[in-house]
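Heads up: the structure comes next, in structure tokens.
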Amino acid sequence: MSKLKKYSGKAFSVFLLLVGAAIMLGPFIWTISTSIQGPGKAYQLPPEFFKPPFHFENYLRVWQEGNFAGYTFNSVIVTALSIIGVVLADSFAGYGFAKYDTKFSNILFLVALATMYIPSTILAVPQYTMWTKVGALDTYIPLVLPKFLGSIGGIFLMRQSFKALPNQFYEAATLDGLHPIGIFFRIYLPLVKPMLATLAIQTFIGTWNETFAPLIYLTDREKYTLSVGLLYLRQNYSENLELLMSASMLTMLPLFVVYLFAQKYFMNGLVSSGVKG
Amino acid sequence: MLKKDKKWGIFFLAPYTISLFVYTIIPIICLAYFSFTEYNLFNPPRFVGLANYTDVLTSPDTWRALRNVGVYALVYISLNVFLACVLGVALNQKLKGMKIFRTIYFVPSLLPWVAVSLIFTGLFNPVYGIINQFLAVLGIGPLQFTFSKSWVEVVSSMAIMAVWKGVGYASLYVLAGLQNISEDVLEAASIDGAGPVTKFFRIIIPMITPTIFMLMIFGLSNSLSVFDSFLVMLGTGGVTSSEYTVMSMLIYNNAFQFNKIGTASALCWVAVAFVFVITLIQTKTEKRWVHYE
């Protein structure tokens with residue numbers, strides 16, 4: 001009897017998961033189907049799914065006429081620079097917090113943790129006036145430069161990883177005559193590679209999807225990143241759902257690909273950010 | 001660490017110290033100062049006392065935005081937490097193929113809000129959208145979703161979209177929390193005749209209250225900063241009908257569309273106060289229902 005109950009419980013779970021999976025996947029299937037439809041086909045009844053003729057040229061139109069080639073290039077530049085900045089700066093500061101236990105670093109860390117609670121939208125107002133004053137509007141500087149100085153979320157992750165490594169390495173390396181900077185780059189940094197990968201991926205997703213900062217800082221359409229480009233397309237082609245869907249697919253594709261190849265690093269970040277720590 | 005190397009600590013922390021002061025602490029001070037001035041970025045700020053705050057607090061737009069954020073947060077947090085718990089328990093079964101399910105549920109959380117919102121403008125369409133086609137089969141609707149005249153329906157639809165996007169991610173936290181519940185407890189409950197529903201509400205939920213509390217805190221901060229989806233769904237130029245506005249949209253419009261930095265700064269502090277009060281309520285009531293081991 002209890003065995004039967006157990007199996008019925010499992011069966012119910014699987015049923016629930018299948019219904020849920022259909023709800024999760026449905027929108028994607030609809031998006032793909034719409035993205036290769038002819039103009040106006042999205043607004044007709046009954047709706048059609050994957051009915052030829054297919055208009056793969058929608059993707060080409062968005063890529064060329066819609067300048068998604070340019071937006072993709074811009075997003076790649078901004079994202080690549082951000083990843084380099086975050087990985088360098090956050091591991092630098094994370095190492096400082098983990099290995100040099102001074103009064104200064106302790107106070108700084110507490111202050112930094114307190115600032116985590118301030119919503120970024122709110123800080124954007126004074127930060128924007130600051131960038132206006134130094135004439136950095138319509139450049140990638142406000143999007144990228146702050147990442148080269150570190151931010152507390154990533155620093156916290158890196159601090160945890162460096163803390164887990166023994167201090168004896170440091171002492172031994174010093175005895176062997178290695179410089180403190182050399183100790184960081186040649187001994188400790190290579191040991192936290194998995195966490196660096198996690199940080200890089202988190203930064204990739206965050207920057208690729210970022211809308212608010214590019215929206216307020218960039219005015220020249222040639223400089224737009226993908227998400228702002230999507231917004232612009234929405235303003236000008238709001239009736240052409242098939243183009244909007246091709247553009248959305250183009251924007252999402254790199255995220256699918258990265259997820260497919262780097263799955264384990266996604267979970268790594270989730271677990272170490274304190275799910276159970 | 002070697003004592004004589006302590007100065008190197010300052011070296012490693014120097015870039016971040018600069019960032020913290022120049023990019024966080026000074027901006028907060030500026031934000032406080034701007035909120036008492038009239039400032040349009042071109043002329044120097046002019047001190048106006050509390051005028052911005054009285055303007056902001058007497059403007060119906062502010063109260064509508066707070067109302068909308070409040071309802072959005074309520075719908076989003078309650079649905080997201082409940083479904084994440086159900087999903088987490090379902091995903092916790094030791095069966096083949098669970099990894100595929102986890103992937104399917106997790107992936108939407110990686111996607112940009114702009115793309116997800118564009119997809120949902122198509123799905124939510126009252127006449128042609130496939131959601132209404134399905135509901136029609138079940139004999140429900142048609143619903144207006146984000147095309148509705150009623151703000152409750154619009155804001156709730158936005159929250160439901162956010163649940164679709166975020167529930168898989170939240171369920172992974174639940175899944176992690178479930179690893180702390182021993183099989184013995186559930187086994188014992190089964191022997192005592194507890195059914196799956198009883199086990200879910202009486203054992204599983206009470207044992208993962210710390211995770212639920214954390215998801216509520218995250219949910220609140222997500223709700224307050226909601227912006228991209230409202231920008232896509234409800235307005236193109238960024239200036240939406242104030243009936244459906246949210247706090248970050250009001251701040252965006254004032255600061256970056258109308259160059260009213262003073263008003264925007266005052267709105268920022270109203271938003272901070274709003275979060276502060278709700279977080280305070282959450283943490284005060286935490287002891288009553290969150291059980292840490």
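Within each chain, counting starts at residue 1; across the structure tokens, chains are named A, B, ... in the order shown, with ligands numbered 1 upward in that order.
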>> With only C-alpha atoms as the counted atoms, please give the residues lying no more than 8 Å from range 155-170 of chain B, apart from itself and same-chain residues fewer than 2 positions off, as a ChimeraX atom specification.
In response: /A:24 /B:68,71-73,75-76,79-81,83-84,87,102,105-109,116-117,120,145-146,151-153,172-174,215,229-230,244
Take the residues from that selection and write them out as an mmCIF file, in the first residue's frame, keeping N, CA and C atoms.
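Resulting contents of result_21.cif:
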```cif
data_model
loop_
_atom_site.group_PDB
_atom_site.id
_atom_site.type_symbol
_atom_site.label_atom_id
_atom_site.label_comp_id
_atom_site.auth_asym_id
_atom_site.auth_seq_id
_atom_site.Cartn_x
_atom_site.Cartn_y
_atom_site.Cartn_z
ATOM 1 N N MET A 24 6.673 26.411 -19.655
ATOM 2 C CA MET A 24 7.964 27.089 -19.810
ATOM 3 C C MET A 24 8.410 27.108 -21.268
ATOM 4 N N ASN B 68 1.194 50.429 -7.333
ATOM 5 C CA ASN B 68 1.492 49.424 -8.356
ATOM 6 C C ASN B 68 2.648 48.519 -7.940
ATOM 7 N N VAL B 71 1.309 46.104 -5.224
ATOM 8 C CA VAL B 71 0.486 45.002 -5.729
ATOM 9 C C VAL B 71 1.344 44.036 -6.544
ATOM 10 N N TYR B 72 2.252 44.594 -7.348
ATOM 11 C CA TYR B 72 3.170 43.758 -8.125
ATOM 12 C C TYR B 72 3.958 42.846 -7.189
ATOM 13 N N ALA B 73 4.504 43.438 -6.124
ATOM 14 C CA ALA B 73 5.310 42.659 -5.180
ATOM 15 C C ALA B 73 4.475 41.569 -4.521
ATOM 16 N N VAL B 75 1.668 40.039 -5.606
ATOM 17 C CA VAL B 75 1.332 38.958 -6.539
ATOM 18 C C VAL B 75 2.589 38.161 -6.876
ATOM 19 N N TYR B 76 3.666 38.877 -7.195
ATOM 20 C CA TYR B 76 4.900 38.223 -7.617
ATOM 21 C C TYR B 76 5.470 37.347 -6.509
ATOM 22 N N LEU B 79 3.017 34.218 -5.484
ATOM 23 C CA LEU B 79 2.992 33.176 -6.516
ATOM 24 C C LEU B 79 4.354 32.524 -6.682
ATOM 25 N N ASN B 80 5.392 33.368 -6.730
ATOM 26 C CA ASN B 80 6.736 32.866 -6.998
ATOM 27 C C ASN B 80 7.201 31.926 -5.879
ATOM 28 N N VAL B 81 6.963 32.307 -4.637
ATOM 29 C CA VAL B 81 7.423 31.486 -3.519
ATOM 30 C C VAL B 81 6.639 30.177 -3.477
ATOM 31 N N LEU B 83 4.924 28.586 -5.918
ATOM 32 C CA LEU B 83 5.244 27.704 -7.044
ATOM 33 C C LEU B 83 6.667 27.169 -6.959
ATOM 34 N N ALA B 84 7.593 27.991 -6.446
ATOM 35 C CA ALA B 84 8.977 27.525 -6.304
ATOM 36 C C ALA B 84 9.050 26.367 -5.312
ATOM 37 N N LEU B 87 7.516 23.307 -7.074
ATOM 38 C CA LEU B 87 8.454 22.875 -8.104
ATOM 39 C C LEU B 87 9.698 22.243 -7.477
ATOM 40 N N ARG B 102 15.225 20.514 -14.788
ATOM 41 C CA ARG B 102 15.866 21.656 -14.124
ATOM 42 C C ARG B 102 16.329 22.681 -15.152
ATOM 43 N N TYR B 105 13.364 24.681 -16.634
ATOM 44 C CA TYR B 105 12.816 25.689 -15.727
ATOM 45 C C TYR B 105 13.798 26.818 -15.445
ATOM 46 N N PHE B 106 15.074 26.500 -15.527
ATOM 47 C CA PHE B 106 16.094 27.489 -15.142
ATOM 48 C C PHE B 106 16.367 28.521 -16.239
ATOM 49 N N VAL B 107 16.343 28.055 -17.498
ATOM 50 C CA VAL B 107 16.789 28.903 -18.612
ATOM 51 C C VAL B 107 16.092 30.279 -18.724
ATOM 52 N N PRO B 108 14.759 30.379 -18.534
ATOM 53 C CA PRO B 108 14.163 31.711 -18.685
ATOM 54 C C PRO B 108 14.780 32.776 -17.789
ATOM 55 N N SER B 109 15.299 32.367 -16.621
ATOM 56 C CA SER B 109 15.861 33.359 -15.713
ATOM 57 C C SER B 109 17.138 33.995 -16.260
ATOM 58 N N VAL B 116 12.037 38.920 -23.155
ATOM 59 C CA VAL B 116 10.916 38.210 -22.534
ATOM 60 C C VAL B 116 9.645 39.056 -22.611
ATOM 61 N N SER B 117 9.767 40.342 -22.348
ATOM 62 C CA SER B 117 8.583 41.213 -22.391
ATOM 63 C C SER B 117 8.030 41.314 -23.797
ATOM 64 N N PHE B 120 6.071 38.254 -24.466
ATOM 65 C CA PHE B 120 4.781 38.253 -23.759
ATOM 66 C C PHE B 120 3.797 39.286 -24.306
ATOM 67 N N PHE B 145 -5.204 40.991 -19.922
ATOM 68 C CA PHE B 145 -3.806 41.056 -19.448
ATOM 69 C C PHE B 145 -3.268 42.482 -19.438
ATOM 70 N N THR B 146 -2.098 42.687 -20.068
ATOM 71 C CA THR B 146 -1.489 44.025 -20.016
ATOM 72 C C THR B 146 -2.194 45.023 -20.913
ATOM 73 N N TRP B 151 -5.909 48.614 -13.724
ATOM 74 C CA TRP B 151 -4.492 48.564 -13.327
ATOM 75 C C TRP B 151 -4.148 47.283 -12.585
ATOM 76 N N VAL B 152 -5.120 46.744 -11.842
ATOM 77 C CA VAL B 152 -4.827 45.510 -11.100
ATOM 78 C C VAL B 152 -4.477 44.394 -12.073
ATOM 79 N N GLU B 153 -5.255 44.305 -13.169
ATOM 80 C CA GLU B 153 -5.020 43.251 -14.141
ATOM 81 C C GLU B 153 -3.677 43.455 -14.854
ATOM 82 N N LEU B 172 15.504 26.373 -7.371
ATOM 83 C CA LEU B 172 16.814 25.788 -7.059
ATOM 84 C C LEU B 172 17.218 26.095 -5.618
ATOM 85 N N TYR B 173 16.828 27.265 -5.120
ATOM 86 C CA TYR B 173 17.082 27.580 -3.713
ATOM 87 C C TYR B 173 16.275 26.655 -2.814
ATOM 88 N N VAL B 174 15.005 26.415 -3.213
ATOM 89 C CA VAL B 174 14.161 25.497 -2.442
ATOM 90 C C VAL B 174 14.786 24.103 -2.450
ATOM 91 N N LEU B 215 13.797 34.132 -0.148
ATOM 92 C CA LEU B 215 13.149 34.377 -1.441
ATOM 93 C C LEU B 215 12.228 35.595 -1.365
ATOM 94 N N SER B 229 10.579 45.623 -17.989
ATOM 95 C CA SER B 229 9.362 45.007 -18.505
ATOM 96 C C SER B 229 8.256 46.052 -18.655
ATOM 97 N N PHE B 230 8.162 46.982 -17.704
ATOM 98 C CA PHE B 230 7.137 48.026 -17.818
ATOM 99 C C PHE B 230 7.451 48.948 -18.993
ATOM 100 N N TYR B 244 -0.198 53.142 -14.815
ATOM 101 C CA TYR B 244 0.528 51.865 -14.731
ATOM 102 C C TYR B 244 1.991 52.058 -14.357
#
```
>> Using only C-alpha atoms and a distance of at most 6 Å, pull out the residues of chain B that contact chain A, as a list in words.
In response: Gly9, Phe12, Leu13, Pro15, Tyr16, Ser19, Pro27, Leu31, Ala90, Pro112, Ala115, Tyr128, Thr236 and Cys268 of chain B
Take the residues that were just selected and, keeping all heavy atoms, output them as a CSV table (one decimal), in the first residue's frame.
```csv
chain,number,residue,atom,x,y,z
B,9,GLY,N,48.0,44.7,1.8
B,9,GLY,CA,46.5,44.7,1.9
B,9,GLY,C,45.9,45.9,1.3
B,9,GLY,O,44.9,45.9,0.5
B,12,PHE,N,46.0,45.9,-2.5
B,12,PHE,CA,45.0,45.1,-3.1
B,12,PHE,C,43.6,45.7,-3.0
B,12,PHE,O,42.7,45.5,-3.9
B,12,PHE,CB,45.0,43.7,-2.6
B,12,PHE,CG,46.1,42.8,-3.1
B,12,PHE,CD1,47.2,42.5,-2.4
B,12,PHE,CD2,46.0,42.3,-4.4
B,12,PHE,CE1,48.2,41.7,-2.9
B,12,PHE,CE2,47.0,41.5,-5.0
B,12,PHE,CZ,48.1,41.2,-4.2
B,13,LEU,N,43.4,46.5,-1.9
B,13,LEU,CA,42.1,47.0,-1.7
B,13,LEU,C,41.9,48.4,-2.3
B,13,LEU,O,40.8,49.0,-2.3
B,13,LEU,CB,41.7,47.0,-0.2
B,13,LEU,CG,41.5,45.6,0.4
B,13,LEU,CD1,41.4,45.6,1.9
B,13,LEU,CD2,40.3,44.9,-0.2
B,15,PRO,N,41.9,49.9,-5.4
B,15,PRO,CA,40.9,50.2,-6.4
B,15,PRO,C,39.5,50.2,-5.9
B,15,PRO,O,38.7,51.1,-6.2
B,15,PRO,CB,41.1,49.1,-7.5
B,15,PRO,CG,42.4,48.5,-7.2
B,15,PRO,CD,42.7,48.7,-5.7
B,16,TYR,N,39.1,49.1,-5.1
B,16,TYR,CA,37.8,49.0,-4.6
B,16,TYR,C,37.4,50.2,-3.7
B,16,TYR,O,36.3,50.7,-3.6
B,16,TYR,CB,37.5,47.7,-4.0
B,16,TYR,CG,36.1,47.6,-3.5
B,16,TYR,CD1,35.0,47.7,-4.4
B,16,TYR,CD2,35.8,47.4,-2.2
B,16,TYR,CE1,33.7,47.7,-4.0
B,16,TYR,CE2,34.5,47.4,-1.7
B,16,TYR,CZ,33.5,47.5,-2.6
B,16,TYR,OH,32.2,47.5,-2.2
B,19,SER,N,36.4,53.0,-5.7
B,19,SER,CA,35.1,52.7,-6.3
B,19,SER,C,34.0,53.0,-5.2
B,19,SER,O,33.0,53.6,-5.5
B,19,SER,CB,35.1,51.3,-6.8
B,19,SER,OG,33.7,50.9,-6.8
B,27,PRO,N,28.0,59.5,-4.4
B,27,PRO,CA,26.7,59.6,-5.0
B,27,PRO,C,25.5,59.7,-4.0
B,27,PRO,O,24.6,60.4,-4.2
B,27,PRO,CB,26.6,58.4,-5.9
B,27,PRO,CG,28.0,58.1,-6.3
B,27,PRO,CD,28.8,58.5,-5.1
B,31,LEU,N,22.9,62.6,-3.8
B,31,LEU,CA,21.5,62.3,-3.9
B,31,LEU,C,20.7,63.0,-2.8
B,31,LEU,O,19.7,63.6,-3.0
B,31,LEU,CB,21.3,60.8,-3.9
B,31,LEU,CG,19.9,60.3,-4.3
B,31,LEU,CD1,19.7,60.5,-5.8
B,31,LEU,CD2,19.8,58.9,-4.0
B,90,ALA,N,8.9,18.8,-6.4
B,90,ALA,CA,8.7,17.9,-7.5
B,90,ALA,C,10.1,17.6,-8.1
B,90,ALA,O,10.4,16.4,-8.5
B,90,ALA,CB,7.8,18.5,-8.6
B,112,PRO,N,17.2,38.2,-21.2
B,112,PRO,CA,17.0,39.6,-21.0
B,112,PRO,C,15.5,40.0,-20.8
B,112,PRO,O,14.7,39.4,-21.5
B,112,PRO,CB,17.6,40.3,-22.2
B,112,PRO,CG,17.7,39.2,-23.2
B,112,PRO,CD,17.8,37.9,-22.5
B,115,ALA,N,13.6,41.1,-24.1
B,115,ALA,CA,13.2,40.0,-25.0
B,115,ALA,C,12.0,39.3,-24.4
B,115,ALA,O,11.0,39.0,-25.1
B,115,ALA,CB,14.3,39.0,-25.3
B,128,TYR,N,-5.3,37.8,-30.5
B,128,TYR,CA,-4.6,36.8,-31.2
B,128,TYR,C,-3.6,36.0,-30.3
B,128,TYR,O,-3.0,35.0,-30.8
B,128,TYR,CB,-3.7,37.5,-32.3
B,128,TYR,CG,-4.6,38.4,-33.2
B,128,TYR,CD1,-4.6,39.8,-33.1
B,128,TYR,CD2,-5.4,37.8,-34.2
B,128,TYR,CE1,-5.4,40.5,-33.9
B,128,TYR,CE2,-6.2,38.5,-35.0
B,128,TYR,CZ,-6.2,39.9,-34.9
B,128,TYR,OH,-7.0,40.7,-35.7
B,236,THR,N,6.4,53.2,-25.1
B,236,THR,CA,7.6,53.1,-25.9
B,236,THR,C,8.6,54.1,-25.6
B,236,THR,O,9.8,53.8,-25.4
B,236,THR,CB,7.2,53.1,-27.4
B,236,THR,OG1,6.2,54.0,-27.6
B,236,THR,CG2,6.8,51.7,-27.9
B,268,CYS,N,13.7,59.1,-5.2
B,268,CYS,CA,14.6,58.0,-4.7
B,268,CYS,C,14.5,57.7,-3.2
B,268,CYS,O,14.5,56.6,-2.8
B,268,CYS,CB,16.1,58.3,-5.1
B,268,CYS,SG,16.4,58.2,-6.8
```
> When DSSP works through the backbone of this structure, what residues of range 91-252 of chain A end up as alpha helix (DSSP H), shown as a ChimeraX atom specification?
Replying inline: /A:91-99,103-115,120-133,141-144,152-163,168-175,180-182,189-191,193-209,212-217,226-236,241-252
I need the chosen residues saved as a CSV table (one decimal), in the first residue's frame, with C-alpha atoms.
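So result_19.csv came out as:
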```csv
chain,number,residue,atom,x,y,z
A,91,SER,CA,39.5,38.8,-7.4
A,92,PHE,CA,42.0,41.6,-6.5
A,93,ALA,CA,39.8,43.0,-3.8
A,94,GLY,CA,38.5,39.6,-2.7
A,95,TYR,CA,42.1,38.5,-2.2
A,96,GLY,CA,42.8,41.7,-0.2
A,97,PHE,CA,39.8,41.1,2.1
A,98,ALA,CA,40.6,37.4,2.5
A,99,LYS,CA,44.3,37.4,3.1
A,103,LYS,CA,41.4,47.0,10.9
A,104,PHE,CA,41.0,49.0,7.6
A,105,SER,CA,39.9,46.0,5.6
A,106,ASN,CA,37.4,44.9,8.2
A,107,ILE,CA,35.8,48.3,8.4
A,108,LEU,CA,35.8,48.7,4.6
A,109,PHE,CA,34.1,45.3,4.3
A,110,LEU,CA,31.3,46.2,6.6
A,111,VAL,CA,30.7,49.5,4.8
A,112,ALA,CA,30.7,47.7,1.5
A,113,LEU,CA,28.2,45.1,2.7
A,114,ALA,CA,25.9,47.9,3.9
A,115,THR,CA,25.9,49.4,0.4
A,120,SER,CA,21.2,50.4,-8.3
A,121,THR,CA,18.4,52.4,-10.0
A,122,ILE,CA,18.6,55.0,-7.2
A,123,LEU,CA,22.4,55.4,-7.5
A,124,ALA,CA,22.0,55.9,-11.2
A,125,VAL,CA,20.7,59.4,-10.7
A,126,PRO,CA,23.8,61.0,-9.1
A,127,GLN,CA,26.1,58.7,-11.1
A,128,TYR,CA,24.6,60.0,-14.3
A,129,THR,CA,25.1,63.7,-13.2
A,130,MET,CA,28.7,62.7,-12.5
A,131,TRP,CA,29.3,61.2,-15.9
A,132,THR,CA,27.6,64.3,-17.5
A,133,LYS,CA,30.1,66.6,-15.7
A,141,ILE,CA,33.1,54.5,-20.2
A,142,PRO,CA,30.2,54.7,-17.7
A,143,LEU,CA,29.3,51.1,-18.6
A,144,VAL,CA,32.7,49.6,-18.3
A,152,ILE,CA,30.8,43.9,-3.7
A,153,GLY,CA,28.7,41.0,-5.0
A,154,GLY,CA,31.6,39.4,-6.9
A,155,ILE,CA,34.2,40.5,-4.3
A,156,PHE,CA,32.2,38.6,-1.7
A,157,LEU,CA,32.3,35.4,-3.9
A,158,MET,CA,36.0,35.8,-4.4
A,159,ARG,CA,36.7,36.5,-0.8
A,160,GLN,CA,35.0,33.3,0.2
A,161,SER,CA,37.1,31.3,-2.3
A,162,PHE,CA,40.4,32.8,-1.2
A,163,LYS,CA,39.5,32.3,2.5
A,168,GLN,CA,50.7,28.5,4.6
A,169,PHE,CA,51.1,28.9,0.8
A,170,TYR,CA,51.8,32.6,1.4
A,171,GLU,CA,54.4,32.0,4.0
A,172,ALA,CA,56.2,29.3,2.1
A,173,ALA,CA,56.2,31.4,-1.1
A,174,THR,CA,57.6,34.4,0.9
A,175,LEU,CA,60.4,32.2,2.2
A,180,PRO,CA,53.4,39.6,-2.8
A,181,ILE,CA,52.0,40.4,-6.2
A,182,GLY,CA,53.7,37.2,-7.6
A,189,LEU,CA,44.7,33.0,-8.5
A,190,PRO,CA,45.2,29.8,-10.4
A,191,LEU,CA,43.6,27.9,-7.5
A,193,LYS,CA,39.8,29.2,-11.6
A,194,PRO,CA,36.4,27.6,-11.2
A,195,MET,CA,35.1,30.5,-9.3
A,196,LEU,CA,36.6,32.9,-11.8
A,197,ALA,CA,34.6,31.1,-14.5
A,198,THR,CA,31.5,31.4,-12.4
A,199,LEU,CA,32.1,35.1,-12.0
A,200,ALA,CA,32.8,35.6,-15.7
A,201,ILE,CA,29.6,33.9,-16.6
A,202,GLN,CA,27.5,35.9,-14.2
A,203,THR,CA,29.0,39.0,-15.6
A,204,PHE,CA,28.3,37.9,-19.1
A,205,ILE,CA,24.6,37.4,-18.4
A,206,GLY,CA,24.3,40.6,-16.4
A,207,THR,CA,26.0,42.8,-19.0
A,208,TRP,CA,24.4,41.1,-22.0
A,209,ASN,CA,21.0,41.7,-20.5
A,212,PHE,CA,19.0,50.6,-17.8
A,213,ALA,CA,22.6,51.8,-18.0
A,214,PRO,CA,23.0,51.7,-21.8
A,215,LEU,CA,19.6,53.3,-22.1
A,216,ILE,CA,20.5,56.3,-20.1
A,217,TYR,CA,24.1,56.7,-21.2
A,226,LEU,CA,21.4,44.6,-28.0
A,227,SER,CA,18.8,45.2,-25.4
A,228,VAL,CA,18.5,48.9,-26.2
A,229,GLY,CA,18.5,48.0,-29.9
A,230,LEU,CA,15.5,45.7,-29.1
A,231,LEU,CA,13.7,48.6,-27.4
A,232,TYR,CA,14.4,50.8,-30.5
A,233,LEU,CA,13.1,48.1,-32.8
A,234,ARG,CA,10.0,47.8,-30.7
A,235,GLN,CA,9.4,51.6,-31.1
A,236,ASN,CA,9.7,51.5,-34.9
A,241,LEU,CA,5.9,40.9,-34.6
A,242,GLU,CA,7.9,38.5,-36.8
A,243,LEU,CA,10.8,40.9,-36.9
A,244,LEU,CA,10.6,41.5,-33.1
A,245,MET,CA,10.7,37.8,-32.5
A,246,SER,CA,13.7,37.2,-34.8
A,247,ALA,CA,15.5,40.0,-33.1
A,248,SER,CA,14.6,38.5,-29.6
A,249,MET,CA,15.9,35.1,-30.8
A,250,LEU,CA,19.2,36.7,-32.0
A,251,THR,CA,19.6,38.4,-28.6
A,252,MET,CA,18.8,35.3,-26.6
```
> Which one of B:Asn52, B:Ser171, B:Asn43, B:Asn125 sits closest to Gly88 in chain B if you count only C-alpha atoms?
Replying inline: B:Ser171
> In Å, with one decimal, what is the gap from CA of Asn40 in chain B to CA of Ile261 in chain B?
Replying inline: 5.9 Å
>> If I take CA of Tyr252 in chain B and CA of Phe34 in chain B, how far is one from the other in Å, to one decimal?
In response: 15.4 Å
> Counting only C-alpha atoms, what is within 7 Å of range 50-61 of chain A, bar same-chain residues fewer than 5 positions away, as a ChimeraX atom specification?
Replying inline: /A:33,35-38,66,243,246
Could you write out that same residue set with N, CA and C atoms as a PDB file, in the first residue's frame?
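Output below, filename result.pdb:
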```pdb
ATOM      1  N   SER A  33       8.389  29.977 -34.005  1.00  0.00           N
ATOM      2  CA  SER A  33       7.400  29.878 -35.077  1.00  0.00           C
ATOM      3  C   SER A  33       7.066  31.262 -35.639  1.00  0.00           C
ATOM      4  N   SER A  35       8.888  33.934 -35.506  1.00  0.00           N
ATOM      5  CA  SER A  35      10.040  34.627 -36.092  1.00  0.00           C
ATOM      6  C   SER A  35      10.260  34.262 -37.554  1.00  0.00           C
ATOM      7  N   ILE A  36       9.686  33.146 -38.012  1.00  0.00           N
ATOM      8  CA  ILE A  36       9.877  32.787 -39.417  1.00  0.00           C
ATOM      9  C   ILE A  36       8.558  32.860 -40.205  1.00  0.00           C
ATOM     10  N   GLN A  37       7.606  33.607 -39.649  1.00  0.00           N
ATOM     11  CA  GLN A  37       6.345  33.805 -40.372  1.00  0.00           C
ATOM     12  C   GLN A  37       6.435  34.998 -41.316  1.00  0.00           C
ATOM     13  N   GLY A  38       5.517  35.019 -42.263  1.00  0.00           N
ATOM     14  CA  GLY A  38       5.414  36.173 -43.149  1.00  0.00           C
ATOM     15  C   GLY A  38       4.814  37.348 -42.418  1.00  0.00           C
ATOM     16  N   GLY A  66      17.999  46.166 -39.603  1.00  0.00           N
ATOM     17  CA  GLY A  66      17.767  46.535 -38.207  1.00  0.00           C
ATOM     18  C   GLY A  66      19.047  46.806 -37.444  1.00  0.00           C
ATOM     19  N   LEU A 243       9.465  40.324 -36.973  1.00  0.00           N
ATOM     20  CA  LEU A 243      10.815  40.894 -36.877  1.00  0.00           C
ATOM     21  C   LEU A 243      11.242  41.024 -35.419  1.00  0.00           C
ATOM     22  N   SER A 246      12.338  37.590 -34.329  1.00  0.00           N
ATOM     23  CA  SER A 246      13.669  37.210 -34.841  1.00  0.00           C
ATOM     24  C   SER A 246      14.746  37.939 -34.044  1.00  0.00           C
TER      25      SER A 246
END
```
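Between CA of Pro210 in chain B and CA of Gly193 in chain B the interatomic distance comes to 26.8 Å.
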